[in-house]
Amino acid sequence: MKTNNIKKSLICFGLLALVGCTDNFEKINSNPDAFTQDELKQDFNYIKGPFTTMFDNVMVNVPGWKYQVAIDLSGNNWGGYTTPPGFDGANNLSYALSDNWNLWGWEAIYTQVMANYLKVEAASKGKYDEFYALATIIKVQTLHKAADSWGPIVYSKLGTTDAAIGYDSQEEAYGLMFKDLDFAVAELTKRVDAGEKSSFTNIDRSTYEGDYKKWVIYANSLRLRLAMRIVKVNPALAKEEAEKAVSQKFGVMKVVSDSFIVTKNVSQHPLKVSAYEYNDSRMSADMESIMGGYNDPRMQVYFTTSDQVPGEYKGVRTGGNQGDKTIHMPFSNFGKIIRDDKRVVWLNTSEIYFLRAEGALRGWNMGGDAETLYKAGINASFDLLATGGAADYIADNVKMAKDYVDPVAPSNNGLAVNKVTVAWDNAASNEVKLQKIITQKWIANFPDGMEAWADHRRTGYPKLLPIINNQSGGAVTTEFGVRRIPFVSSEKDGNPEGLKTGIAKLNGPDTGGTRNWWDVNAPNF
């Protein structure tokens, strides 16, 4: 089927039978009157459905198999968090990137989140702008991960009827995201100032429960994340946007309850399916090397001790010699926050303190000095996880990452590469201070592997063990790893002329080794 409308093609691209494209969708999605005013006034029940699907798919909460192929077998691995106990051969782990896996991330973004965003936009823009503002924040949360993964994306042309749906460059998309956040923050702040009661309480599936002020804090915090992402390519804009986020009247996340966490209707963390139902995911060797070297108290919350070496945490090396799946299955699985908790974190307070610490290190006005904010970030992580021992951990200036030893496949052994201590050292160089900040941010952000992967590409930290079996055919180097995901087959089949505009805006060939706009091989300072 050839589709000429992005609203329909969001549903149809490459996945016609699975998604269930219908002729009615275009009519419902493009007609603002599809949701009548009377229907919307009935507790806004007709707007709940689109938001529910958006909440489910920003982090690909459901189904679990889709999370596995969209996130766990990409960002979680490339960011150093998880590794399957099997899966030898040519695939994402060996940098022979698999379209059969990676297309599902694109599918979740466009056919699930953005298709439903368009429904909300059609029903609410100019009439119920509080809903439009809230949906716009979710849009930015979703599409920045798309841009960080693929580079050029469909952004400004969402909802057009062009035969070829054109792409925006990553730089253009980031500019649009900042503008979208401007609108959302202004709209919701106006309503908070007016003392307006939220109409979103029964729709919001996060711990915010519809609180407009908290959503503004979330939007400001998201702006800070995006600002830091572009620091190497547009430092002036990065500083401007970061300081705007921190100085806005409600500011950024400061206490643990500010963290954006989806809890309602979350039956389990999606990683639990991959780990416990499929036995296809385990703790990585990098987590063992770094957290194990620090004797980090959070390990007992993140992971289980292994059956292979009882009482010890044992990770699997990404891109290593794994052999039969059962060989590494007895290694450390995931602990309480994956096995038992029913929550999915989109953005946490700890990350925001580390972003502010990095900003302060760069001389920006972040409302505190780098050392104080760095320590606050660690404390916030310990508080979120209800883990004791933060004070001793923060003061430790001895422990470092440890060498990795694979007890069943010694060819996977590797020397520790991320050699920094936890304790802040004012006499250290800015580069060492940044490595400490990003390392602790990496630990605190688990299991958001897409964010870990983005930070690793931007800064080079934390330093990760190189893969052993590179099967990319030279497209991706072992030294630098995967820099982006190639455009997916559903776009090649469903939007070929539009895709050409995206390829033209890349900094090189459409491969996993081409760097995105903000990902430049340049010094951090």
# chains A, B, ... in the order shown; residues from 1 in each chain; ligands from 1
>>> residues_around(residues="segment 257-270 of chain A", least_positions_apart="3", cutoff="8 Å", atoms="only C-alpha atoms", output="JSON, numbers by chain")
{"A": [55, 60, 61, 62, 63, 64, 67, 68, 205, 206, 207, 208, 214, 217, 218, 253, 254, 273, 274, 337, 338, 339, 340, 341, 342, 343, 344, 345, 346, 347, 348, 349]}
>>> residues_around(residues="Pro407 of chain A", least_positions_apart="6", cutoff="12 Å", atoms="only C-alpha atoms", output="JSON list (two decimals) with all heavy atoms, in the first residue's frame")
[["chain", "number", "residue", "atom", "x", "y", "z"],
["A", 285, "ALA", "N", 29.16, -6.69, 31.72],
["A", 285, "ALA", "CA", 30.50, -6.71, 32.30],
["A", 285, "ALA", "C", 30.92, -5.31, 32.75],
["A", 285, "ALA", "O", 31.65, -5.16, 33.74],
["A", 285, "ALA", "CB", 31.50, -7.26, 31.29],
["A", 306, "SER", "N", 25.07, -13.80, 41.32],
["A", 306, "SER", "CA", 25.01, -14.83, 40.28],
["A", 306, "SER", "C", 24.91, -16.23, 40.88],
["A", 306, "SER", "O", 25.34, -16.48, 42.01],
["A", 306, "SER", "CB", 26.26, -14.75, 39.40],
["A", 306, "SER", "OG", 27.40, -15.19, 40.10],
["A", 307, "ASP", "N", 24.36, -17.14, 40.09],
["A", 307, "ASP", "CA", 24.39, -18.55, 40.46],
["A", 307, "ASP", "C", 25.72, -19.18, 40.04],
["A", 307, "ASP", "O", 26.12, -20.22, 40.57],
["A", 307, "ASP", "CB", 23.24, -19.30, 39.79],
["A", 307, "ASP", "CG", 21.87, -18.86, 40.32],
["A", 307, "ASP", "OD1", 21.79, -18.49, 41.51],
["A", 307, "ASP", "OD2", 20.90, -18.88, 39.54],
["A", 308, "GLN", "N", 26.38, -18.54, 39.07],
["A", 308, "GLN", "CA", 27.65, -19.07, 38.59],
["A", 308, "GLN", "C", 28.73, -18.95, 39.66],
["A", 308, "GLN", "O", 29.50, -19.89, 39.91],
["A", 308, "GLN", "CB", 28.09, -18.30, 37.34],
["A", 308, "GLN", "CG", 29.39, -18.78, 36.73],
["A", 308, "GLN", "CD", 29.26, -20.18, 36.16],
["A", 308, "GLN", "OE1", 28.26, -20.49, 35.52],
["A", 308, "GLN", "NE2", 30.24, -21.03, 36.41],
["A", 309, "VAL", "N", 28.80, -17.78, 40.28],
["A", 309, "VAL", "CA", 29.74, -17.55, 41.39],
["A", 309, "VAL", "C", 28.91, -17.06, 42.57],
["A", 309, "VAL", "O", 28.69, -15.85, 42.73],
["A", 309, "VAL", "CB", 30.82, -16.51, 41.02],
["A", 309, "VAL", "CG1", 31.85, -16.40, 42.13],
["A", 309, "VAL", "CG2", 31.49, -16.87, 39.70],
["A", 312, "GLU", "N", 28.48, -13.42, 44.46],
["A", 312, "GLU", "CA", 29.15, -12.36, 43.72],
["A", 312, "GLU", "C", 28.28, -11.90, 42.55],
["A", 312, "GLU", "O", 27.45, -12.64, 42.04],
["A", 312, "GLU", "CB", 30.50, -12.86, 43.17],
["A", 312, "GLU", "CG", 31.52, -13.19, 44.24],
["A", 312, "GLU", "CD", 32.88, -13.53, 43.66],
["A", 312, "GLU", "OE1", 33.11, -13.21, 42.46],
["A", 312, "GLU", "OE2", 33.69, -14.14, 44.37],
["A", 313, "TYR", "N", 28.50, -10.64, 42.16],
["A", 313, "TYR", "CA", 27.83, -10.10, 40.99],
["A", 313, "TYR", "C", 28.70, -10.38, 39.77],
["A", 313, "TYR", "O", 29.90, -10.08, 39.78],
["A", 313, "TYR", "CB", 27.61, -8.59, 41.16],
["A", 313, "TYR", "CG", 26.69, -8.25, 42.31],
["A", 313, "TYR", "CD1", 27.21, -7.91, 43.56],
["A", 313, "TYR", "CD2", 25.31, -8.28, 42.15],
["A", 313, "TYR", "CE1", 26.36, -7.60, 44.62],
["A", 313, "TYR", "CE2", 24.46, -7.97, 43.20],
["A", 313, "TYR", "CZ", 24.99, -7.63, 44.44],
["A", 313, "TYR", "OH", 24.15, -7.32, 45.48],
["A", 314, "LYS", "N", 28.08, -10.94, 38.76],
["A", 314, "LYS", "CA", 28.86, -11.36, 37.60],
["A", 314, "LYS", "C", 28.13, -10.94, 36.32],
["A", 314, "LYS", "O", 27.00, -11.34, 36.07],
["A", 314, "LYS", "CB", 29.07, -12.87, 37.62],
["A", 314, "LYS", "CG", 29.96, -13.43, 36.54],
["A", 314, "LYS", "CD", 31.31, -12.75, 36.46],
["A", 314, "LYS", "CE", 32.11, -12.85, 37.75],
["A", 314, "LYS", "NZ", 33.42, -12.14, 37.60],
["A", 315, "GLY", "N", 28.78, -10.11, 35.51],
["A", 315, "GLY", "CA", 28.18, -9.61, 34.28],
["A", 315, "GLY", "C", 28.69, -10.32, 33.05],
["A", 315, "GLY", "O", 29.67, -11.07, 33.09],
["A", 316, "VAL", "N", 28.02, -10.07, 31.92],
["A", 316, "VAL", "CA", 28.35, -10.67, 30.63],
["A", 316, "VAL", "C", 28.93, -9.59, 29.74],
["A", 316, "VAL", "O", 28.41, -8.48, 29.69],
["A", 316, "VAL", "CB", 27.10, -11.29, 29.97],
["A", 316, "VAL", "CG1", 27.47, -11.95, 28.65],
["A", 316, "VAL", "CG2", 26.43, -12.29, 30.92],
["A", 317, "ARG", "N", 29.97, -9.91, 29.00],
["A", 317, "ARG", "CA", 30.63, -8.92, 28.16],
["A", 317, "ARG", "C", 29.90, -8.76, 26.82],
["A", 317, "ARG", "O", 29.68, -9.74, 26.09],
["A", 317, "ARG", "CB", 32.09, -9.30, 27.90],
["A", 317, "ARG", "CG", 32.85, -8.22, 27.13],
["A", 317, "ARG", "CD", 34.33, -8.40, 27.23],
["A", 317, "ARG", "NE", 35.05, -7.36, 26.48],
["A", 317, "ARG", "CZ", 36.37, -7.25, 26.44],
["A", 317, "ARG", "NH1", 37.13, -8.10, 27.12],
["A", 317, "ARG", "NH2", 36.94, -6.28, 25.75],
["A", 322, "GLN", "N", 30.23, -15.63, 23.62],
["A", 322, "GLN", "CA", 29.23, -16.07, 24.58],
["A", 322, "GLN", "C", 28.90, -17.55, 24.46],
["A", 322, "GLN", "O", 28.62, -18.20, 25.46],
["A", 322, "GLN", "CB", 27.96, -15.22, 24.41],
["A", 322, "GLN", "CG", 28.22, -13.76, 24.74],
["A", 322, "GLN", "CD", 27.04, -12.87, 24.38],
["A", 322, "GLN", "OE1", 26.07, -13.32, 23.79],
["A", 322, "GLN", "NE2", 27.13, -11.61, 24.72],
["A", 327, "ILE", "N", 25.32, -21.05, 28.97],
["A", 327, "ILE", "CA", 26.61, -20.89, 29.64],
["A", 327, "ILE", "C", 26.61, -19.65, 30.54],
["A", 327, "ILE", "O", 27.14, -19.68, 31.67],
["A", 327, "ILE", "CB", 27.75, -20.80, 28.60],
["A", 327, "ILE", "CG1", 27.88, -22.12, 27.83],
["A", 327, "ILE", "CG2", 29.07, -20.44, 29.28],
["A", 327, "ILE", "CD1", 28.89, -22.06, 26.69],
["A", 328, "HIS", "N", 26.04, -18.55, 30.04],
["A", 328, "HIS", "CA", 26.06, -17.31, 30.82],
["A", 328, "HIS", "C", 24.74, -16.98, 31.49],
["A", 328, "HIS", "O", 24.63, -15.97, 32.19],
["A", 328, "HIS", "CB", 26.48, -16.14, 29.91],
["A", 328, "HIS", "CG", 27.92, -16.13, 29.55],
["A", 328, "HIS", "ND1", 28.40, -16.69, 28.38],
["A", 328, "HIS", "CD2", 29.01, -15.66, 30.20],
["A", 328, "HIS", "CE1", 29.71, -16.55, 28.32],
["A", 328, "HIS", "NE2", 30.11, -15.93, 29.41],
["A", 330, "PRO", "N", 23.52, -18.30, 34.17],
["A", 330, "PRO", "CA", 23.63, -18.21, 35.64],
["A", 330, "PRO", "C", 24.29, -16.93, 36.15],
["A", 330, "PRO", "O", 24.48, -16.78, 37.36],
["A", 330, "PRO", "CB", 24.48, -19.45, 35.99],
["A", 330, "PRO", "CG", 24.40, -20.34, 34.81],
["A", 330, "PRO", "CD", 24.30, -19.42, 33.63],
["A", 331, "PHE", "N", 24.67, -16.01, 35.25],
["A", 331, "PHE", "CA", 25.27, -14.75, 35.68],
["A", 331, "PHE", "C", 24.18, -13.84, 36.26],
["A", 331, "PHE", "O", 23.00, -14.17, 36.28],
["A", 331, "PHE", "CB", 26.00, -14.09, 34.52],
["A", 331, "PHE", "CG", 27.33, -14.71, 34.18],
["A", 331, "PHE", "CD1", 27.53, -16.08, 34.27],
["A", 331, "PHE", "CD2", 28.40, -13.93, 33.77],
["A", 331, "PHE", "CE1", 28.76, -16.67, 33.96],
["A", 331, "PHE", "CE2", 29.63, -14.49, 33.46],
["A", 331, "PHE", "CZ", 29.81, -15.87, 33.54],
["A", 413, "ASN", "N", 37.77, -11.92, 29.14],
["A", 413, "ASN", "CA", 38.37, -11.11, 30.21],
["A", 413, "ASN", "C", 38.85, -9.77, 29.67],
["A", 413, "ASN", "O", 39.24, -9.65, 28.49],
["A", 413, "ASN", "CB", 39.56, -11.85, 30.84],
["A", 413, "ASN", "CG", 39.14, -13.10, 31.59],
["A", 413, "ASN", "OD1", 37.95, -13.36, 31.78],
["A", 413, "ASN", "ND2", 40.11, -13.88, 32.02]]
>>> residues_around(residues="Phe487 of chain A", least_positions_apart="4", cutoff="10 Å", atoms="only C-alpha atoms", output="compact mmCIF listing (two decimals) with all heavy atoms, in the first residue's frame")
# COMPACT_ATOMS: atom_id res chain seq x y z
N ASP A 99 18.08 -4.58 11.21
CA ASP A 99 16.85 -3.83 10.93
C ASP A 99 15.64 -4.52 11.55
O ASP A 99 14.71 -3.85 12.00
CB ASP A 99 16.67 -3.67 9.43
CG ASP A 99 15.40 -2.92 9.08
OD1 ASP A 99 15.36 -1.69 9.31
OD2 ASP A 99 14.43 -3.54 8.61
N ASN A 102 15.77 -3.10 15.04
CA ASN A 102 15.77 -1.65 15.22
C ASN A 102 14.52 -0.96 14.68
O ASN A 102 14.18 0.14 15.14
CB ASN A 102 17.02 -1.05 14.58
CG ASN A 102 18.29 -1.54 15.26
OD1 ASN A 102 18.31 -1.80 16.46
ND2 ASN A 102 19.36 -1.67 14.48
N LEU A 103 13.84 -1.57 13.74
CA LEU A 103 12.65 -0.91 13.19
C LEU A 103 11.55 -0.77 14.23
O LEU A 103 10.67 0.10 14.11
CB LEU A 103 12.14 -1.63 11.95
CG LEU A 103 11.56 -3.04 12.06
CD1 LEU A 103 10.10 -3.04 12.46
CD2 LEU A 103 11.70 -3.77 10.71
N TRP A 106 11.49 2.65 15.94
CA TRP A 106 10.87 3.66 15.08
C TRP A 106 9.35 3.47 15.08
O TRP A 106 8.59 4.44 15.17
CB TRP A 106 11.43 3.52 13.66
CG TRP A 106 10.96 4.55 12.69
CD1 TRP A 106 9.83 4.50 11.93
CD2 TRP A 106 11.61 5.78 12.36
NE1 TRP A 106 9.73 5.63 11.14
CE2 TRP A 106 10.82 6.42 11.39
CE3 TRP A 106 12.81 6.39 12.78
CZ2 TRP A 106 11.17 7.66 10.83
CZ3 TRP A 106 13.15 7.61 12.22
CH2 TRP A 106 12.35 8.24 11.27
N SER A 149 18.88 8.78 18.16
CA SER A 149 19.15 7.45 17.61
C SER A 149 19.41 7.48 16.11
O SER A 149 20.33 6.81 15.62
CB SER A 149 17.97 6.52 17.89
OG SER A 149 17.79 6.33 19.29
N TRP A 150 18.60 8.24 15.37
CA TRP A 150 18.69 8.21 13.90
C TRP A 150 19.33 9.45 13.30
O TRP A 150 19.81 9.40 12.18
CB TRP A 150 17.31 7.99 13.29
CG TRP A 150 16.85 6.56 13.38
CD1 TRP A 150 17.17 5.55 12.51
CD2 TRP A 150 16.02 5.96 14.37
NE1 TRP A 150 16.59 4.37 12.92
CE2 TRP A 150 15.88 4.59 14.06
CE3 TRP A 150 15.37 6.45 15.52
CZ2 TRP A 150 15.11 3.72 14.83
CZ3 TRP A 150 14.62 5.58 16.28
CH2 TRP A 150 14.50 4.22 15.94
N GLY A 151 19.29 10.58 14.00
CA GLY A 151 19.77 11.84 13.44
C GLY A 151 18.62 12.62 12.87
O GLY A 151 17.73 13.08 13.60
N PRO A 152 18.55 12.81 11.54
CA PRO A 152 17.39 13.46 10.93
C PRO A 152 16.13 12.64 11.18
O PRO A 152 16.14 11.41 11.12
CB PRO A 152 17.76 13.48 9.44
CG PRO A 152 19.26 13.39 9.41
CD PRO A 152 19.62 12.50 10.57
N ILE A 153 15.02 13.33 11.45
CA ILE A 153 13.75 12.65 11.72
C ILE A 153 12.60 13.46 11.13
O ILE A 153 12.77 14.62 10.74
CB ILE A 153 13.50 12.47 13.24
CG1 ILE A 153 13.53 13.83 13.96
CG2 ILE A 153 14.50 11.50 13.85
CD1 ILE A 153 13.01 13.78 15.39
N GLU A 491 10.58 2.82 6.50
CA GLU A 491 10.68 4.13 5.86
C GLU A 491 11.17 3.99 4.41
O GLU A 491 10.72 4.72 3.53
CB GLU A 491 11.64 5.04 6.64
CG GLU A 491 11.02 5.71 7.85
CD GLU A 491 9.97 6.74 7.47
OE1 GLU A 491 10.32 7.89 7.20
OE2 GLU A 491 8.78 6.35 7.44
N LYS A 492 12.06 3.07 4.17
CA LYS A 492 12.53 2.84 2.80
C LYS A 492 11.38 2.37 1.91
O LYS A 492 11.32 2.73 0.73
CB LYS A 492 13.67 1.82 2.81
CG LYS A 492 14.92 2.31 3.53
CD LYS A 492 15.97 1.22 3.65
CE LYS A 492 17.18 1.72 4.43
NZ LYS A 492 18.20 0.67 4.65
N LEU A 499 12.50 9.92 2.76
CA LEU A 499 13.72 9.41 3.38
C LEU A 499 14.96 9.99 2.72
O LEU A 499 15.97 10.24 3.38
CB LEU A 499 13.74 7.89 3.32
CG LEU A 499 14.97 7.20 3.91
CD1 LEU A 499 15.14 7.56 5.37
CD2 LEU A 499 14.85 5.68 3.74
N GLY A 502 16.14 12.92 4.46
CA GLY A 502 16.83 12.62 5.70
C GLY A 502 18.26 12.18 5.48
O GLY A 502 19.19 12.64 6.15
N ILE A 503 18.46 11.31 4.49
CA ILE A 503 19.81 10.84 4.17
C ILE A 503 20.70 12.00 3.74
O ILE A 503 21.88 12.07 4.08
CB ILE A 503 19.74 9.75 3.08
CG1 ILE A 503 19.05 8.50 3.65
CG2 ILE A 503 21.12 9.41 2.56
CD1 ILE A 503 18.78 7.43 2.62
N ASP A 510 24.52 6.31 5.39
CA ASP A 510 23.47 5.82 6.29
C ASP A 510 23.92 4.51 6.94
O ASP A 510 23.41 3.43 6.64
CB ASP A 510 22.17 5.63 5.50
CG ASP A 510 21.02 5.14 6.37
OD1 ASP A 510 21.09 5.33 7.61
OD2 ASP A 510 20.06 4.58 5.82
N THR A 511 24.88 4.62 7.85
CA THR A 511 25.41 3.46 8.56
C THR A 511 25.47 3.76 10.05
O THR A 511 25.26 4.90 10.48
CB THR A 511 26.83 3.12 8.09
OG1 THR A 511 27.74 4.17 8.53
CG2 THR A 511 26.92 2.98 6.58
N GLY A 512 25.77 2.73 10.82
CA GLY A 512 25.88 2.90 12.27
C GLY A 512 27.14 3.62 12.72
O GLY A 512 27.26 3.96 13.90
>>> select_by_dssp(residues="segment 471-519 of chain A", states="alpha helix (DSSP H)", output="NGL selection string")
:A and (489-494 or 496-504)
>>> write_last_selection(atoms="all heavy atoms", output="short mmCIF file (atom, residue, chain, number, x, y, z; two decimals), in the first residue's frame")
data_model
loop_
_atom_site.label_atom_id
_atom_site.label_comp_id
_atom_site.auth_asym_id
_atom_site.auth_seq_id
_atom_site.Cartn_x
_atom_site.Cartn_y
_atom_site.Cartn_z
N SER A 489 13.70 -0.13 7.42
CA SER A 489 13.12 -0.60 6.16
C SER A 489 11.70 -0.08 5.96
O SER A 489 11.27 0.13 4.81
CB SER A 489 13.12 -2.13 6.12
OG SER A 489 12.41 -2.66 7.23
N SER A 490 10.94 0.14 7.02
CA SER A 490 9.58 0.64 6.86
C SER A 490 9.56 2.02 6.23
O SER A 490 8.63 2.36 5.48
CB SER A 490 8.85 0.67 8.21
OG SER A 490 9.55 1.43 9.16
N GLU A 491 10.58 2.82 6.50
CA GLU A 491 10.68 4.13 5.86
C GLU A 491 11.17 3.99 4.41
O GLU A 491 10.72 4.72 3.53
CB GLU A 491 11.64 5.04 6.64
CG GLU A 491 11.02 5.71 7.85
CD GLU A 491 9.97 6.74 7.47
OE1 GLU A 491 10.32 7.89 7.20
OE2 GLU A 491 8.78 6.35 7.44
N LYS A 492 12.06 3.07 4.17
CA LYS A 492 12.53 2.84 2.80
C LYS A 492 11.38 2.37 1.91
O LYS A 492 11.32 2.73 0.73
CB LYS A 492 13.67 1.82 2.81
CG LYS A 492 14.92 2.31 3.53
CD LYS A 492 15.97 1.22 3.65
CE LYS A 492 17.18 1.72 4.43
NZ LYS A 492 18.20 0.67 4.65
N ASP A 493 10.47 1.60 2.48
CA ASP A 493 9.34 1.07 1.71
C ASP A 493 8.18 2.06 1.65
O ASP A 493 7.53 2.20 0.61
CB ASP A 493 8.85 -0.24 2.33
CG ASP A 493 9.89 -1.35 2.25
OD1 ASP A 493 10.78 -1.27 1.39
OD2 ASP A 493 9.80 -2.28 3.07
N GLY A 494 7.90 2.75 2.76
CA GLY A 494 6.70 3.56 2.85
C GLY A 494 6.86 5.03 2.56
O GLY A 494 5.89 5.72 2.27
N PRO A 496 9.92 6.55 0.65
CA PRO A 496 11.26 6.57 0.05
C PRO A 496 11.74 7.96 -0.36
O PRO A 496 12.92 8.29 -0.17
CB PRO A 496 11.12 5.65 -1.17
CG PRO A 496 9.66 5.64 -1.47
CD PRO A 496 8.98 5.74 -0.15
N GLU A 497 10.85 8.79 -0.91
CA GLU A 497 11.27 10.12 -1.34
C GLU A 497 11.52 11.02 -0.13
O GLU A 497 12.45 11.83 -0.13
CB GLU A 497 10.21 10.73 -2.26
CG GLU A 497 10.06 10.00 -3.58
CD GLU A 497 11.38 9.90 -4.34
OE1 GLU A 497 12.07 10.93 -4.48
OE2 GLU A 497 11.72 8.79 -4.80
N GLY A 498 10.70 10.88 0.89
CA GLY A 498 10.94 11.64 2.11
C GLY A 498 12.24 11.22 2.78
O GLY A 498 13.00 12.06 3.27
N LEU A 499 12.50 9.92 2.76
CA LEU A 499 13.72 9.41 3.38
C LEU A 499 14.96 9.99 2.72
O LEU A 499 15.97 10.24 3.38
CB LEU A 499 13.74 7.89 3.32
CG LEU A 499 14.97 7.20 3.91
CD1 LEU A 499 15.14 7.56 5.37
CD2 LEU A 499 14.85 5.68 3.74
N LYS A 500 14.88 10.24 1.42
CA LYS A 500 16.03 10.82 0.73
C LYS A 500 16.42 12.17 1.34
O LYS A 500 17.60 12.52 1.40
CB LYS A 500 15.73 10.99 -0.76
CG LYS A 500 15.67 9.69 -1.54
CD LYS A 500 15.33 9.94 -3.01
CE LYS A 500 15.23 8.63 -3.79
NZ LYS A 500 14.85 8.87 -5.21
N THR A 501 15.44 12.93 1.82
CA THR A 501 15.76 14.22 2.45
C THR A 501 16.48 14.02 3.76
O THR A 501 17.30 14.85 4.16
CB THR A 501 14.48 15.06 2.67
OG1 THR A 501 13.66 14.44 3.69
CG2 THR A 501 13.68 15.19 1.39
N GLY A 502 16.14 12.92 4.46
CA GLY A 502 16.83 12.62 5.70
C GLY A 502 18.26 12.18 5.48
O GLY A 502 19.19 12.64 6.15
N ILE A 503 18.46 11.31 4.49
CA ILE A 503 19.81 10.84 4.17
C ILE A 503 20.70 12.00 3.74
O ILE A 503 21.88 12.07 4.08
CB ILE A 503 19.74 9.75 3.08
CG1 ILE A 503 19.05 8.50 3.65
CG2 ILE A 503 21.12 9.41 2.56
CD1 ILE A 503 18.78 7.43 2.62
N ALA A 504 20.11 12.95 3.00
CA ALA A 504 20.88 14.11 2.54
C ALA A 504 21.34 14.99 3.70
O ALA A 504 22.30 15.76 3.56
CB ALA A 504 20.04 14.94 1.57
#
>>> atom_distance(atom1="atom CA of Leu434 of chain A", atom2="atom CA of Leu224 of chain A")
16.6 Å
>>> atom_distance(atom1="atom CA of Ala219 of chain A", atom2="atom CA of Ala390 of chain A")
28.4 Å
>>> closest_residue(among="A:Glu358, A:Asp280, A:Asp425, A:Asp383", to="Ala395 of chain A", atoms="only C-alpha atoms")
A:Asp425
>>> residues_around(residues="segment 79-88 of chain A", least_positions_apart="6", cutoff="6 Å", atoms="only C-alpha atoms", output="ChimeraX atom specification")
/A:280-284,286,316,318,322,325,328-329,449,452-453
>>> atom_distance(atom1="atom CA of Asn412 of chain A", atom2="atom CA of Gln300 of chain A")
24.3 Å
>>> decode(residues="segment 79-101 of chain A", atoms="C-alpha atoms", output="PDB file, in the first residue's frame")
ATOM      1  CA  GLY A  79      25.237   2.244  26.732  1.00  0.00           C
ATOM      2  CA  GLY A  80      26.916  -0.463  28.813  1.00  0.00           C
ATOM      3  CA  TYR A  81      23.996  -1.646  30.964  1.00  0.00           C
ATOM      4  CA  THR A  82      22.864  -5.063  29.750  1.00  0.00           C
ATOM      5  CA  THR A  83      23.990  -7.963  27.589  1.00  0.00           C
ATOM      6  CA  PRO A  84      22.206 -11.139  26.437  1.00  0.00           C
ATOM      7  CA  PRO A  85      23.759 -14.386  27.639  1.00  0.00           C
ATOM      8  CA  GLY A  86      23.546 -15.661  24.060  1.00  0.00           C
ATOM      9  CA  PHE A  87      23.003 -14.057  20.636  1.00  0.00           C
ATOM     10  CA  ASP A  88      26.388 -14.764  19.083  1.00  0.00           C
ATOM     11  CA  GLY A  89      26.698 -13.922  15.404  1.00  0.00           C
ATOM     12  CA  ALA A  90      25.915 -10.904  13.266  1.00  0.00           C
ATOM     13  CA  ASN A  91      23.574  -8.579  15.152  1.00  0.00           C
ATOM     14  CA  ASN A  92      23.519  -5.341  17.169  1.00  0.00           C
ATOM     15  CA  LEU A  93      25.924  -6.714  19.773  1.00  0.00           C
ATOM     16  CA  SER A  94      28.589  -7.317  17.141  1.00  0.00           C
ATOM     17  CA  TYR A  95      27.761  -4.029  15.352  1.00  0.00           C
ATOM     18  CA  ALA A  96      26.128  -5.815  12.383  1.00  0.00           C
ATOM     19  CA  LEU A  97      23.003  -3.779  12.972  1.00  0.00           C
ATOM     20  CA  SER A  98      19.713  -5.643  12.641  1.00  0.00           C
ATOM     21  CA  ASP A  99      16.855  -3.829  10.932  1.00  0.00           C
ATOM     22  CA  ASN A 100      14.513  -6.575  12.166  1.00  0.00           C
ATOM     23  CA  TRP A 101      15.252  -5.375  15.692  1.00  0.00           C
TER      24      TRP A 101
END
